[in-house]
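A.B. asks: Supplied in structure tokens, the structure appears directly below.
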Amino acid sequence: MVLQRNSSVSLWGKARPDAKVRIRTSWDGRKYTTITDSLGKWQQTVSTADAGGPYEIVFSDGEETVVDNVLLGEVWICSGQSNMEMPVCGDATQPAEGSYEALRTVRQYPDIRMFTVPRADSDIPLDSCGGKWLESTPANVAHFSAVAYYFGRTLTDFLDIPVGLVATSYGGSSIEAWMTEDCIREIEGINIKDAYSGKLVREKPQRLWNAMLKPLMPFTAKGFIWYQGEANLDRWFDYAKMQEAQINLWRRAWNNPEMPFYITQIAPFAYGGDPGNQRLPLLIEAQWQAAANTPHCAVAATTDVGNRDCIHPAKKKEVGQRLAWLALKNDYGVDGLPAPAPTFNRMEITDKGELMVIFNNVNATDSFVYYDDNGNLEIRGFEIAGEDKKFYPAKVRTNVWSNKIYLSSPDVPKPVAVRYAFRNYDASANLHTNYGQPVPPFRTDTWHVLDR
């Protein structure tokens with residue numbers, strides 16, 4: 001396994017009631033002693049050193065147990081629904097891109113350790129779960145979360161230290177299932193009835209929290225990555241508040257109010273056909289709102305990795321890398337990475353009557369790329385509207401190395417609003433930087449989009 005380096009981490013277990021448990025950690029030779037309670041449970045905090053290993057931990061209550069092959073490094077909790085759960089080898093209905101290459105290069109990442117929490121649910125909080133720590137072998141990597149693995153691999157590329165990945169995901173799960181009922185009831189302004197509308201265990205408040213998260217809470221970790229939201233599309237209007245509450249709840253559970261939390265923007269998919277019922281961009285909007293309102297939180301953009309007809313896009317490497325870029329930049333001080341993604345800053349009306357859009361996170365080294373398949377300069381995916389609130393495709397012009405683009409349409413002589421890729425799936429949207437970071441969907445208007 002991997003324990004969080006340079007930290008105080010919890011070890012816990014069971015022995016005889018009222019027994020003395022002795023612990024010795026080989027990385028520093030320190031010894032600890034604790035006493036079990038009347039049920040035989042015990043927990044002890046130990047100090048860890050800088051990254052390295054393998055080490056061993058020796059436990060004794062009169063009978064000695066040795067845990068070996070312990071590394072010290074960085075530990076991340078990786079959670080969500082099926083797009084986080086999808087393994088490196090893909091699943092029965094959807095392959096994952098780059099599977100062979102990932103398995104071929106496993107030997108280059110011997111210090112990644114993986115733990116998968118088995119699917120489970122419970123109506124009461126549990127203190128243990130199944131699963132075991134696995135080393136990086138082709139067989140183990142093939143069946144581990146692809147997003148989590150690529151995240152860990154990218155961290156290792158830059159940090160060159162062990163990485164421990166704890167994957168706890170459940171396909172089709174709602175965000176409510178990963179939260180406590182008390183937390184949900186305390187969120188002001190949401191529809192509580194909707195939050196309790198789930199019929200399956202993976203949709204019911206607290207069921208997955210109890211079985212798949214609660215047992216992990218003593219385990220010290222650096223941060224969280226999260227890929228979920230598809231199951232909450234019908235409740236998009238409450239998702240921003242739910243996400244904020246969830247992040248704060250998890251941070252309290254790990255006793256770290258600044259614990260990094262990185263969200264994956266759910267990928268484009270033609271829900272309900274095309275155009276369908278356009279809820280996906282509203283859920284994405286809520287994800288970005290939650291991140292903006294929450295310190296030490298950011299979003300990895302996925303506008304370019306979706307699949308019109310498959311809710312599980314094959315491009316998982318890009319997602320894991322972009323999540324890792326956020327962590328490397330924000331938590332490990334690695335400069336020069338293409339993170340975060342370019343986002344809308346503001347718009348202005350020029351003297352020519354064009355609508356000028358200005359972006360964040362675009363500069364001379366990470367500028368926009370906007371070529372079509374034939375090598376022609378063309379930016380697509382933008383729509384503008386006038387006071388009549390009717391949107392038309394926009395003609396786009398820009399300058400090289402600029403964070404500004406200019407929009408116009410003969411059908412909109414006086415533009416007042418712009419939208420970009422603000423649909424369930426927009427195959428035309430192609431604006432990204434030369435590092436491959438896509439612009440997330442956005443809108444400047446607050447006009448009616450869907451009935452609640």
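A note on labels: chains of the structure tokens are A, B, ... as shown, every chain counts residues from 1, and ligands are counted from 1 in their shown order.
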List the neighbours of A:Arg423 out to 9 Å using only C-alpha atoms; skip same-chain residues closer than 3 positions along the sequence, and give me the result as number ranges by chain.
C.D. replies: A: 268, 270, 275-282, 420, 426, 441
A.B. asks: Do you know which residues are at most 10 Å from A:Pro438 counting only C-alpha atoms, after dropping those on the same chain fewer than 4 positions away, and could you put them as a list of chain:residue names?
C.D. replies: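 Listing them by chain and then by number gives A:Ala300, A:Ala301, A:Thr302, A:Thr303, A:Asp304, A:Val305, A:Ala341, A:Pro342, A:Thr343, A:Phe368, A:Val369, A:Ala429, A:Asn430, A:Leu431, A:His432, A:Thr433, A:Asn434.
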A.B. asks: Using N, CA, C and O atoms, can you write the selected residues to a file as a PDB file, in the first residue's frame?
C.D. replies:
ATOM      1  N   ALA A 300     -11.865  19.862 -14.393  1.00  0.00           N
ATOM      2  CA  ALA A 300     -11.179  19.424 -15.608  1.00  0.00           C
ATOM      3  C   ALA A 300     -12.179  19.413 -16.750  1.00  0.00           C
ATOM      4  O   ALA A 300     -13.211  18.734 -16.672  1.00  0.00           O
ATOM      5  N   ALA A 301     -11.891  20.158 -17.811  1.00  0.00           N
ATOM      6  CA  ALA A 301     -12.817  20.281 -18.940  1.00  0.00           C
ATOM      7  C   ALA A 301     -12.772  19.037 -19.828  1.00  0.00           C
ATOM      8  O   ALA A 301     -11.709  18.439 -20.039  1.00  0.00           O
ATOM      9  N   THR A 302     -13.948  18.663 -20.356  1.00  0.00           N
ATOM     10  CA  THR A 302     -14.044  17.461 -21.198  1.00  0.00           C
ATOM     11  C   THR A 302     -14.870  17.716 -22.460  1.00  0.00           C
ATOM     12  O   THR A 302     -15.418  16.779 -23.044  1.00  0.00           O
ATOM     13  N   THR A 303     -14.960  18.947 -22.900  1.00  0.00           N
ATOM     14  CA  THR A 303     -15.804  19.301 -24.035  1.00  0.00           C
ATOM     15  C   THR A 303     -15.446  18.516 -25.288  1.00  0.00           C
ATOM     16  O   THR A 303     -16.312  18.258 -26.134  1.00  0.00           O
ATOM     17  N   ASP A 304     -14.195  18.107 -25.416  1.00  0.00           N
ATOM     18  CA  ASP A 304     -13.707  17.450 -26.632  1.00  0.00           C
ATOM     19  C   ASP A 304     -13.655  15.936 -26.546  1.00  0.00           C
ATOM     20  O   ASP A 304     -13.232  15.285 -27.506  1.00  0.00           O
ATOM     21  N   VAL A 305     -14.059  15.332 -25.432  1.00  0.00           N
ATOM     22  CA  VAL A 305     -13.873  13.880 -25.295  1.00  0.00           C
ATOM     23  C   VAL A 305     -15.189  13.114 -25.292  1.00  0.00           C
ATOM     24  O   VAL A 305     -15.207  11.900 -25.078  1.00  0.00           O
ATOM     25  N   ALA A 341      -8.245  25.005 -17.619  1.00  0.00           N
ATOM     26  CA  ALA A 341      -8.752  25.190 -18.978  1.00  0.00           C
ATOM     27  C   ALA A 341      -9.128  26.650 -19.217  1.00  0.00           C
ATOM     28  O   ALA A 341      -9.406  27.395 -18.272  1.00  0.00           O
ATOM     29  N   PRO A 342      -9.148  27.078 -20.472  1.00  0.00           N
ATOM     30  CA  PRO A 342      -9.609  28.440 -20.771  1.00  0.00           C
ATOM     31  C   PRO A 342     -11.090  28.585 -20.445  1.00  0.00           C
ATOM     32  O   PRO A 342     -11.900  27.728 -20.794  1.00  0.00           O
ATOM     33  N   THR A 343     -11.438  29.646 -19.761  1.00  0.00           N
ATOM     34  CA  THR A 343     -12.832  29.876 -19.366  1.00  0.00           C
ATOM     35  C   THR A 343     -13.256  31.298 -19.717  1.00  0.00           C
ATOM     36  O   THR A 343     -12.421  32.203 -19.854  1.00  0.00           O
ATOM     37  N   PHE A 368      -5.013  29.714 -28.384  1.00  0.00           N
ATOM     38  CA  PHE A 368      -6.077  28.975 -29.053  1.00  0.00           C
ATOM     39  C   PHE A 368      -5.595  28.347 -30.361  1.00  0.00           C
ATOM     40  O   PHE A 368      -4.790  28.913 -31.084  1.00  0.00           O
ATOM     41  N   VAL A 369      -6.127  27.156 -30.654  1.00  0.00           N
ATOM     42  CA  VAL A 369      -5.940  26.488 -31.931  1.00  0.00           C
ATOM     43  C   VAL A 369      -7.325  26.319 -32.532  1.00  0.00           C
ATOM     44  O   VAL A 369      -8.251  25.908 -31.845  1.00  0.00           O
ATOM     45  N   ALA A 429     -18.318  22.175 -31.973  1.00  0.00           N
ATOM     46  CA  ALA A 429     -17.512  22.962 -31.028  1.00  0.00           C
ATOM     47  C   ALA A 429     -16.061  22.492 -31.057  1.00  0.00           C
ATOM     48  O   ALA A 429     -15.772  21.327 -30.753  1.00  0.00           O
ATOM     49  N   ASN A 430     -15.144  23.372 -31.395  1.00  0.00           N
ATOM     50  CA  ASN A 430     -13.758  22.937 -31.614  1.00  0.00           C
ATOM     51  C   ASN A 430     -12.713  23.859 -31.021  1.00  0.00           C
ATOM     52  O   ASN A 430     -11.525  23.723 -31.335  1.00  0.00           O
ATOM     53  N   LEU A 431     -13.079  24.795 -30.179  1.00  0.00           N
ATOM     54  CA  LEU A 431     -12.105  25.756 -29.662  1.00  0.00           C
ATOM     55  C   LEU A 431     -11.306  25.136 -28.519  1.00  0.00           C
ATOM     56  O   LEU A 431     -11.868  24.710 -27.508  1.00  0.00           O
ATOM     57  N   HIS A 432      -9.994  25.092 -28.699  1.00  0.00           N
ATOM     58  CA  HIS A 432      -9.114  24.553 -27.669  1.00  0.00           C
ATOM     59  C   HIS A 432      -7.743  25.206 -27.806  1.00  0.00           C
ATOM     60  O   HIS A 432      -7.449  25.879 -28.798  1.00  0.00           O
ATOM     61  N   THR A 433      -6.902  25.004 -26.807  1.00  0.00           N
ATOM     62  CA  THR A 433      -5.560  25.574 -26.846  1.00  0.00           C
ATOM     63  C   THR A 433      -4.606  24.614 -27.536  1.00  0.00           C
ATOM     64  O   THR A 433      -4.941  23.462 -27.821  1.00  0.00           O
ATOM     65  N   ASN A 434      -3.394  25.106 -27.803  1.00  0.00           N
ATOM     66  CA  ASN A 434      -2.425  24.248 -28.477  1.00  0.00           C
ATOM     67  C   ASN A 434      -1.928  23.116 -27.594  1.00  0.00           C
ATOM     68  O   ASN A 434      -1.279  22.185 -28.071  1.00  0.00           O
TER      69      ASN A 434
END
A.B. asks: With the cut-off set at 12 Å and counting only C-alpha atoms, tabulate each residue of stretch 263-361 of chain A with an atom at most that distance from an atom of stretch 62-76 of chain A, showing the nearest atom pair and its distance in Å to one decimal, ordered by chain and increasing number, as JSON lines.
C.D. replies:
{"residue": "A:Leu323", "atom": "CA", "partner": "A:Trp76", "partner_atom": "CA", "distance": 11.6}
{"residue": "A:Ala324", "atom": "CA", "partner": "A:Trp76", "partner_atom": "CA", "distance": 10.7}
{"residue": "A:Ala327", "atom": "CA", "partner": "A:Trp76", "partner_atom": "CA", "distance": 10.4}
{"residue": "A:Leu328", "atom": "CA", "partner": "A:Glu74", "partner_atom": "CA", "distance": 11.6}
{"residue": "A:Asp331", "atom": "CA", "partner": "A:Glu74", "partner_atom": "CA", "distance": 11.1}
{"residue": "A:Tyr332", "atom": "CA", "partner": "A:Glu74", "partner_atom": "CA", "distance": 10.6}
A.B. asks: For the selection you just gave me, I'd like the residues written to a file as a short mmCIF file (atom, residue, chain, number, x, y, z; two decimals), in the first residue's frame, keeping all heavy atoms.
C.D. replies:
data_model
loop_
_atom_site.label_atom_id
_atom_site.label_comp_id
_atom_site.auth_asym_id
_atom_site.auth_seq_id
_atom_site.Cartn_x
_atom_site.Cartn_y
_atom_site.Cartn_z
N LEU A 323 -7.05 16.21 -14.78
CA LEU A 323 -7.22 16.26 -13.32
C LEU A 323 -5.86 16.35 -12.64
O LEU A 323 -5.68 17.12 -11.68
CB LEU A 323 -7.98 15.02 -12.83
CG LEU A 323 -9.47 14.94 -13.19
CD1 LEU A 323 -9.98 13.53 -13.01
CD2 LEU A 323 -10.28 15.91 -12.34
N ALA A 324 -4.90 15.58 -13.12
CA ALA A 324 -3.55 15.60 -12.53
C ALA A 324 -2.86 16.95 -12.75
O ALA A 324 -2.13 17.43 -11.87
CB ALA A 324 -2.71 14.47 -13.11
N ALA A 327 -3.92 19.21 -10.03
CA ALA A 327 -3.27 18.89 -8.76
C ALA A 327 -1.80 19.29 -8.77
O ALA A 327 -1.28 19.85 -7.80
CB ALA A 327 -3.42 17.40 -8.47
N LEU A 328 -1.12 19.00 -9.87
CA LEU A 328 0.30 19.33 -9.96
C LEU A 328 0.54 20.83 -9.85
O LEU A 328 1.47 21.29 -9.19
CB LEU A 328 0.88 18.78 -11.27
CG LEU A 328 1.03 17.26 -11.33
CD1 LEU A 328 1.21 16.80 -12.77
CD2 LEU A 328 2.21 16.81 -10.47
N ASP A 331 -1.23 21.99 -6.06
CA ASP A 331 -0.84 21.33 -4.81
C ASP A 331 0.62 20.93 -4.74
O ASP A 331 1.14 20.66 -3.66
CB ASP A 331 -1.71 20.10 -4.58
CG ASP A 331 -3.20 20.42 -4.67
OD1 ASP A 331 -3.63 21.35 -3.98
OD2 ASP A 331 -3.91 19.75 -5.45
N TYR A 332 1.27 20.88 -5.89
CA TYR A 332 2.67 20.44 -5.91
C TYR A 332 3.60 21.48 -6.52
O TYR A 332 4.80 21.21 -6.66
CB TYR A 332 2.79 19.11 -6.66
CG TYR A 332 1.97 18.00 -6.03
CD1 TYR A 332 0.79 17.55 -6.61
CD2 TYR A 332 2.37 17.40 -4.83
CE1 TYR A 332 0.04 16.54 -6.04
CE2 TYR A 332 1.63 16.39 -4.24
CZ TYR A 332 0.45 15.97 -4.85
OH TYR A 332 -0.29 14.97 -4.27
#
A.B. asks: Quick one: residues within 9 Å of A:Arg235, only C-alpha atoms counted, chain neighbours fewer than 3 positions away excluded, as JSON, numbers by chain?
C.D. replies: {"A": [191, 194, 195, 231, 232, 238, 239, 283, 452]}
A.B. asks: Can you spit out the residues from that selection as a PDB file, in the first residue's frame, using C-alpha atoms?
C.D. replies:
ATOM      1  CA  ASN A 191     -35.925  20.507  -3.261  1.00  0.00           C
ATOM      2  CA  ASP A 194     -36.315  15.534  -5.283  1.00  0.00           C
ATOM      3  CA  ALA A 195     -33.186  14.626  -3.327  1.00  0.00           C
ATOM      4  CA  ALA A 231     -27.332  10.627 -12.619  1.00  0.00           C
ATOM      5  CA  ASN A 232     -28.340  14.096 -11.423  1.00  0.00           C
ATOM      6  CA  ASP A 238     -29.896  21.913  -7.219  1.00  0.00           C
ATOM      7  CA  TYR A 239     -26.558  20.421  -8.226  1.00  0.00           C
ATOM      8  CA  LEU A 283     -25.418  20.446 -15.035  1.00  0.00           C
ATOM      9  CA  ARG A 452     -37.724  22.825 -13.811  1.00  0.00           C
TER      10      ARG A 452
END
A.B. asks: Rounded to one decimal, what separation in Å do you get between atom CA of A:Gln4 and atom CA of A:Arg153?
C.D. replies: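 Separating atom CA of A:Gln4 from atom CA of A:Arg153 is a distance of 16.6 Å.
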A.B. asks: Which residue is closest to A:Val88? Choose from A:Ile192, A:Ala314, A:Ile161, A:Ala15 and count only C-alpha atoms.
C.D. replies: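 With only C-alpha atoms as the atom set, the closest residue is A:Ala314.
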A.B. asks: Run DSSP on the backbone and tell me which residues of stretch 103-201 of chain A come out as alpha helix (DSSP H); list them as a ChimeraX atom specification.
C.D. replies: /A:103-104,138-142,146-159,181-185,192-195
A.B. asks: Selected residues, N, CA and C atoms, written as a compact mmCIF listing (two decimals), in the first residue's frame, please.
C.D. replies:
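Okay, this is what ended up in part.txt:
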# COMPACT_ATOMS: atom_id res chain seq x y z
N LEU A 103 -1.05 -0.82 -20.66
CA LEU A 103 -0.57 -2.09 -20.10
C LEU A 103 0.88 -2.37 -20.51
N ARG A 104 1.24 -1.98 -21.74
CA ARG A 104 2.61 -2.20 -22.21
C ARG A 104 3.63 -1.44 -21.37
N PRO A 138 0.11 -5.68 -15.36
CA PRO A 138 -0.89 -5.56 -16.42
C PRO A 138 -2.27 -6.06 -16.00
N ALA A 139 -2.32 -7.18 -15.30
CA ALA A 139 -3.62 -7.74 -14.89
C ALA A 139 -4.34 -6.82 -13.92
N ASN A 140 -3.61 -6.22 -12.99
CA ASN A 140 -4.24 -5.35 -12.00
C ASN A 140 -4.65 -4.01 -12.59
N VAL A 141 -3.77 -3.44 -13.41
CA VAL A 141 -4.08 -2.15 -14.03
C VAL A 141 -5.27 -2.27 -14.98
N ALA A 142 -5.36 -3.37 -15.70
CA ALA A 142 -6.42 -3.54 -16.70
C ALA A 142 -7.80 -3.37 -16.09
N ALA A 146 -9.79 3.67 -15.05
CA ALA A 146 -8.91 4.29 -16.03
C ALA A 146 -8.59 5.73 -15.68
N VAL A 147 -9.61 6.50 -15.31
CA VAL A 147 -9.37 7.91 -14.95
C VAL A 147 -8.41 7.99 -13.78
N ALA A 148 -8.65 7.16 -12.76
CA ALA A 148 -7.78 7.19 -11.57
C ALA A 148 -6.35 6.78 -11.93
N TYR A 149 -6.21 5.72 -12.74
CA TYR A 149 -4.87 5.26 -13.10
C TYR A 149 -4.10 6.31 -13.88
N TYR A 150 -4.74 6.92 -14.89
CA TYR A 150 -4.03 7.94 -15.67
C TYR A 150 -3.72 9.17 -14.81
N PHE A 151 -4.60 9.47 -13.86
CA PHE A 151 -4.30 10.54 -12.91
C PHE A 151 -3.04 10.21 -12.13
N GLY A 152 -2.98 9.01 -11.56
CA GLY A 152 -1.81 8.63 -10.77
C GLY A 152 -0.55 8.55 -11.61
N ARG A 153 -0.68 8.06 -12.83
CA ARG A 153 0.49 7.94 -13.70
C ARG A 153 1.06 9.31 -14.03
N THR A 154 0.18 10.29 -14.26
CA THR A 154 0.65 11.65 -14.57
C THR A 154 1.33 12.28 -13.36
N LEU A 155 0.78 12.06 -12.17
CA LEU A 155 1.46 12.55 -10.95
C LEU A 155 2.86 11.95 -10.87
N THR A 156 2.97 10.65 -11.12
CA THR A 156 4.26 9.98 -11.03
C THR A 156 5.25 10.51 -12.06
N ASP A 157 4.75 10.83 -13.26
CA ASP A 157 5.63 11.39 -14.30
C ASP A 157 6.36 12.63 -13.81
N PHE A 158 5.66 13.46 -13.06
CA PHE A 158 6.24 14.74 -12.65
C PHE A 158 6.89 14.68 -11.27
N LEU A 159 6.34 13.89 -10.36
CA LEU A 159 6.83 13.88 -8.98
C LEU A 159 7.85 12.78 -8.72
N GLU A 181 -27.64 12.06 5.19
CA GLU A 181 -28.98 12.63 5.19
C GLU A 181 -29.00 13.97 5.94
N ASP A 182 -28.26 14.06 7.05
CA ASP A 182 -28.21 15.31 7.81
C ASP A 182 -27.67 16.44 6.95
N CYS A 183 -26.62 16.15 6.19
CA CYS A 183 -26.02 17.17 5.33
C CYS A 183 -27.01 17.65 4.28
N ILE A 184 -27.72 16.73 3.66
CA ILE A 184 -28.68 17.09 2.62
C ILE A 184 -29.79 17.96 3.18
N ARG A 185 -30.29 17.61 4.35
CA ARG A 185 -31.39 18.37 4.96
C ARG A 185 -30.97 19.79 5.33
N ILE A 192 -35.93 19.09 -1.29
CA ILE A 192 -35.63 17.89 -0.51
C ILE A 192 -36.36 16.67 -1.06
N LYS A 193 -37.60 16.87 -1.51
CA LYS A 193 -38.35 15.76 -2.08
C LYS A 193 -37.62 15.16 -3.27
N ASP A 194 -37.07 16.02 -4.14
CA ASP A 194 -36.31 15.53 -5.28
C ASP A 194 -35.07 14.77 -4.84
N ALA A 195 -34.41 15.28 -3.81
CA ALA A 195 -33.19 14.63 -3.33
C ALA A 195 -33.46 13.21 -2.83
